[in-house]
Amino acid sequence: MTPPVAALSEPPLSQQPREDVYVVGRAWIDVDDHDDRQLDELIFDACSQALRDAGVRRHQIGFSVTSSLDLYDGRSISNALTAPAAAGYLNDELRVEGDASSSVVLAMAHLISGHADMAIVTAINVPEAGSTAEPAVRQLREHVSSYTFDSHMDRPVGMRAAVTLGMHAARRLDSGAVTWDRLVDRTTTDINRGAVSGRGRRSPVTADDVRSSPMAVAPLPQLMLPAESAGAGAVVLAYGVAARRCPRPLARLTGWGSATGQPPANRTWLDEPAAAAARAASKAYERAGLTDPSTVAGLEMTDLSPALSDELQGALQLAHLPDQAVNVSGGVRANHPGIASGLLRLVDAVERVSDGATGGPLVVHGVDDLMGLVSGTANVFVLEAS
């Protein structure tokens, strides 16, 4: 009788070798209707800025990952156009049709596996909607979202990303888990922070402006939904010695985690919409050796609805953070460039860490929101000063 083969197992994340990945360069470009650059020109400019910020040349990049979606770009194979501009010419490159935070995870894995010393992650969200104004971009995104739900097997009638947010907010308001005043206050604060930081795409508002804004999907008015926008950005990642040779590493990525939410048929996406973020955070903190999340000094998160904000913050084990330490940039209600949002959240956090005034690590949360709260892949990063 053949003896059973012992199951292969990995050591706990906390016992695995500590990864040594740094963000060494970053760039972000807001796109509006007055910008006449083509898609590849925008990507080239973003990547050029990030490479200059890192103090490295294109030939030093060993791996290129681009986050984009053909349905937004209005092209059948947009990667053929964008890859060369994203330092992918005669190089290892691929495209991810998902949030840019997933692309960052993929690039980190490529570096840690020893296949390259430097990688560049590019994200582009310039939908072919005829305008970069918020209503036009949202209309296209919601149209694409409705088709993302499987049209043959599991497509609830009328379901789209914003509807999932409205269903969740209605349930939380009815149960008393959140109050209307809390939703208004959170929205007002986020929009005004973005206006002050310079990254926001919305003008300053008052609480009355939020209350009186047109209804988008009950009970959420338009200003409570993410501020849909267009933009392009890039980050340069480096590993080990290559990172330490860069002129000015901006931040160290000490931990990361990834987890996917539930499909439409599983109602836990509505009951526990932050469950994937909680699992991703647990992995990220274990990799980072972060045994006490109370030492975290700040959070940039993709809270798609203000009804989700406190719930998500708790799932990330960061309920101790005061409001002024959460989404200092304004978050998604100030600027939400769709599939590129995860990269913008990371850039915002990197800039805070590189200033040296955070007093502790920062946590970044990104999520693929094409189906709203359904089936989204949540990614969590821990950033520390370099």
# chains A, B, ... in the order shown; residues from 1 in each chain; ligands from 1
call {"tool": "closest_atom_pairs", "arguments": {"of": "stretch 116-229 of chain A", "to": "stretch 94-107 of chain A", "cutoff": "12 Å", "atoms": "only C-alpha atoms", "output": "Markdown table"}}
result
| residue | atom | partner | partner_atom | distance |
| --- | --- | --- | --- | --- |
| A:Ala116 | CA | A:Ala107 | CA | 9.4 |
| A:Asp117 | CA | A:Ala107 | CA | 10.4 |
| A:Met118 | CA | A:Ala107 | CA | 8.9 |
| A:Ala119 | CA | A:Ala107 | CA | 6.3 |
| A:Ile120 | CA | A:Ala107 | CA | 7.6 |
| A:Val121 | CA | A:Val104 | CA | 6.3 |
| A:Thr122 | CA | A:Ala100 | CA | 7.6 |
| A:Ala123 | CA | A:Ala100 | CA | 5.9 |
| A:Ile124 | CA | A:Ala100 | CA | 8.8 |
| A:Asn125 | CA | A:Asp99 | CA | 10.3 |
call {"tool": "closest_residue", "arguments": {"among": "A:Cys246, A:Ala218, A:Leu140, A:Leu318", "to": "A:Ala281", "atoms": "only C-alpha atoms"}}
result
A:Leu318
call {"tool": "atom_distance", "arguments": {"atom1": "atom CA of A:Gly330", "atom2": "atom CA of A:Arg199"}}
result
7.9 Å
call {"tool": "select_by_dssp", "arguments": {"residues": "stretch 111-203 of chain A", "states": "helix (DSSP H, G or I)", "output": "PyMOL selection string"}}
result
chain A and resi 111-112+134-148+161-175+180-197
call {"tool": "write_last_selection", "arguments": {"atoms": "C-alpha atoms", "output": "PDB file, in the first residue's frame"}}
result
ATOM      1  CA  LEU A 111       9.389  41.569  -7.959  1.00  0.00           C
ATOM      2  CA  ILE A 112       9.450  39.326  -4.909  1.00  0.00           C
ATOM      3  CA  GLU A 134     -19.079  63.605 -13.770  1.00  0.00           C
ATOM      4  CA  PRO A 135     -22.622  62.864 -15.110  1.00  0.00           C
ATOM      5  CA  ALA A 136     -21.274  61.597 -18.455  1.00  0.00           C
ATOM      6  CA  VAL A 137     -18.634  59.370 -16.884  1.00  0.00           C
ATOM      7  CA  ARG A 138     -21.111  57.967 -14.337  1.00  0.00           C
ATOM      8  CA  GLN A 139     -23.655  57.190 -17.043  1.00  0.00           C
ATOM      9  CA  LEU A 140     -21.128  55.132 -19.002  1.00  0.00           C
ATOM     10  CA  ARG A 141     -19.807  53.364 -15.903  1.00  0.00           C
ATOM     11  CA  GLU A 142     -23.300  52.392 -14.796  1.00  0.00           C
ATOM     12  CA  HIS A 143     -24.113  51.170 -18.293  1.00  0.00           C
ATOM     13  CA  VAL A 144     -20.999  48.983 -18.307  1.00  0.00           C
ATOM     14  CA  SER A 145     -21.783  47.876 -14.752  1.00  0.00           C
ATOM     15  CA  SER A 146     -25.223  46.602 -15.753  1.00  0.00           C
ATOM     16  CA  TYR A 147     -23.603  44.317 -18.331  1.00  0.00           C
ATOM     17  CA  THR A 148     -21.019  43.051 -15.871  1.00  0.00           C
ATOM     18  CA  ALA A 161     -23.134  49.256  -9.056  1.00  0.00           C
ATOM     19  CA  ALA A 162     -25.060  52.266  -7.721  1.00  0.00           C
ATOM     20  CA  VAL A 163     -28.105  50.124  -6.961  1.00  0.00           C
ATOM     21  CA  THR A 164     -26.044  47.918  -4.622  1.00  0.00           C
ATOM     22  CA  LEU A 165     -24.915  51.033  -2.758  1.00  0.00           C
ATOM     23  CA  GLY A 166     -28.500  52.279  -2.447  1.00  0.00           C
ATOM     24  CA  MET A 167     -29.722  48.917  -1.155  1.00  0.00           C
ATOM     25  CA  HIS A 168     -26.975  48.843   1.468  1.00  0.00           C
ATOM     26  CA  ALA A 169     -27.558  52.440   2.599  1.00  0.00           C
ATOM     27  CA  ALA A 170     -31.326  51.877   2.883  1.00  0.00           C
ATOM     28  CA  ARG A 171     -30.800  48.792   5.041  1.00  0.00           C
ATOM     29  CA  ARG A 172     -28.320  50.541   7.338  1.00  0.00           C
ATOM     30  CA  LEU A 173     -30.586  53.588   7.759  1.00  0.00           C
ATOM     31  CA  ASP A 174     -33.636  51.410   8.464  1.00  0.00           C
ATOM     32  CA  SER A 175     -31.759  49.391  11.088  1.00  0.00           C
ATOM     33  CA  TRP A 180     -28.774  60.516   7.884  1.00  0.00           C
ATOM     34  CA  ASP A 181     -26.847  63.321   9.599  1.00  0.00           C
ATOM     35  CA  ARG A 182     -23.729  61.107   9.732  1.00  0.00           C
ATOM     36  CA  LEU A 183     -23.974  60.434   5.985  1.00  0.00           C
ATOM     37  CA  VAL A 184     -24.355  64.138   5.258  1.00  0.00           C
ATOM     38  CA  ASP A 185     -21.475  65.108   7.533  1.00  0.00           C
ATOM     39  CA  ARG A 186     -19.120  62.499   6.071  1.00  0.00           C
ATOM     40  CA  THR A 187     -19.937  63.519   2.512  1.00  0.00           C
ATOM     41  CA  THR A 188     -19.523  67.231   3.201  1.00  0.00           C
ATOM     42  CA  THR A 189     -16.175  66.676   4.930  1.00  0.00           C
ATOM     43  CA  ASP A 190     -14.778  64.472   2.156  1.00  0.00           C
ATOM     44  CA  ILE A 191     -15.745  66.825  -0.667  1.00  0.00           C
ATOM     45  CA  ASN A 192     -14.343  69.871   1.113  1.00  0.00           C
ATOM     46  CA  ARG A 193     -11.092  68.086   1.978  1.00  0.00           C
ATOM     47  CA  GLY A 194     -10.618  67.262  -1.672  1.00  0.00           C
ATOM     48  CA  ALA A 195     -11.223  70.864  -2.639  1.00  0.00           C
ATOM     49  CA  VAL A 196      -8.542  72.001  -0.174  1.00  0.00           C
ATOM     50  CA  SER A 197      -6.004  69.310  -1.109  1.00  0.00           C
TER      51      SER A 197
END
call {"tool": "atom_distance", "arguments": {"atom1": "atom CA of A:Val367", "atom2": "atom CA of A:Trp28"}}
result
18.7 Å
call {"tool": "closest_residue", "arguments": {"among": "A:Val236, A:Leu312, A:Met224, A:Ala177", "to": "A:Val65", "atoms": "only C-alpha atoms"}}
result
A:Val236
call {"tool": "closest_residue", "arguments": {"among": "A:Ala234, A:Val380, A:Ala109, A:Ala325", "to": "A:Ala46", "atoms": "only C-alpha atoms"}}
result
A:Ala234
call {"tool": "closest_residue", "arguments": {"among": "A:Met108, A:Leu362, A:Ala297, A:Ile61", "to": "A:Tyr89", "atoms": "only C-alpha atoms"}}
result
A:Ile61
call {"tool": "atom_distance", "arguments": {"atom1": "atom CA of A:Ala315", "atom2": "atom CA of A:Ser375"}}
result
17.0 Å
call {"tool": "closest_residue", "arguments": {"among": "A:Arg202, A:Thr260, A:Phe381, A:Glu93", "to": "A:Ala80", "atoms": "only C-alpha atoms"}}
result
A:Glu93
call {"tool": "closest_residue", "arguments": {"among": "A:Ser305, A:Gln317, A:Gln60, A:Asn335", "to": "A:Gly200", "atoms": "only C-alpha atoms"}}
result
A:Asn335
call {"tool": "select_by_dssp", "arguments": {"residues": "stretch 165-239 of chain A", "states": "strand (DSSP E or B)", "output": "PyMOL selection string"}}
result
chain A and resi 215-217+220-221+228+230-239
call {"tool": "residues_around", "arguments": {"residues": "A:Gly359", "least_positions_apart": "2", "cutoff": "9 Å", "atoms": "only C-alpha atoms", "output": "count of residues only"}}
result
7
call {"tool": "residues_around", "arguments": {"residues": "A:Arg279", "least_positions_apart": "3", "cutoff": "10 Å", "atoms": "only C-alpha atoms", "output": "tab-separated table (two decimals) with N, CA and C atoms, in the first residue's frame"}}
result
chain	number	residue	atom	x	y	z
A	257	GLY	N	-2.57	42.45	1.22
A	257	GLY	CA	-3.49	41.33	1.24
A	257	GLY	C	-4.59	41.54	0.23
A	258	SER	N	-5.19	40.45	-0.24
A	258	SER	CA	-6.22	40.52	-1.26
A	258	SER	C	-7.29	39.49	-0.97
A	259	ALA	N	-8.56	39.85	-1.20
A	259	ALA	CA	-9.68	38.92	-1.01
A	259	ALA	C	-10.84	39.39	-1.87
A	260	THR	N	-11.69	38.45	-2.28
A	260	THR	CA	-12.80	38.76	-3.18
A	260	THR	C	-14.14	38.58	-2.47
A	261	GLY	N	-15.08	39.49	-2.77
A	261	GLY	CA	-16.40	39.47	-2.16
A	261	GLY	C	-17.31	38.43	-2.78
A	274	ALA	N	-18.16	44.45	3.94
A	274	ALA	CA	-16.75	44.72	4.24
A	274	ALA	C	-15.98	43.45	4.58
A	275	ALA	N	-16.59	42.28	4.38
A	275	ALA	CA	-15.93	41.03	4.78
A	275	ALA	C	-14.65	40.80	3.98
A	276	ALA	N	-14.67	41.08	2.67
A	276	ALA	CA	-13.45	40.88	1.87
A	276	ALA	C	-12.34	41.82	2.33
A	282	SER	N	-6.36	41.41	7.26
A	282	SER	CA	-5.72	40.44	8.14
A	282	SER	C	-4.43	39.90	7.51
A	283	LYS	N	-4.49	39.61	6.21
A	283	LYS	CA	-3.29	39.13	5.51
A	283	LYS	C	-2.21	40.21	5.46
A	284	ALA	N	-2.63	41.45	5.15
A	284	ALA	CA	-1.67	42.55	5.03
A	284	ALA	C	-0.96	42.81	6.36
A	315	ALA	N	-13.95	47.07	9.84
A	315	ALA	CA	-13.46	45.82	9.26
A	315	ALA	C	-11.96	45.86	9.05
A	316	LEU	N	-11.40	47.04	8.83
A	316	LEU	CA	-9.97	47.20	8.66
A	316	LEU	C	-9.24	47.31	10.00
A	378	ALA	N	-10.98	43.17	-2.98
A	378	ALA	CA	-10.44	44.18	-2.08
A	378	ALA	C	-8.95	43.94	-1.88
A	379	ASN	N	-8.19	45.02	-1.92
A	379	ASN	CA	-6.74	44.95	-1.69
A	379	ASN	C	-6.37	45.95	-0.59
A	380	VAL	N	-5.51	45.51	0.31
A	380	VAL	CA	-5.09	46.34	1.43
A	380	VAL	C	-3.56	46.38	1.47
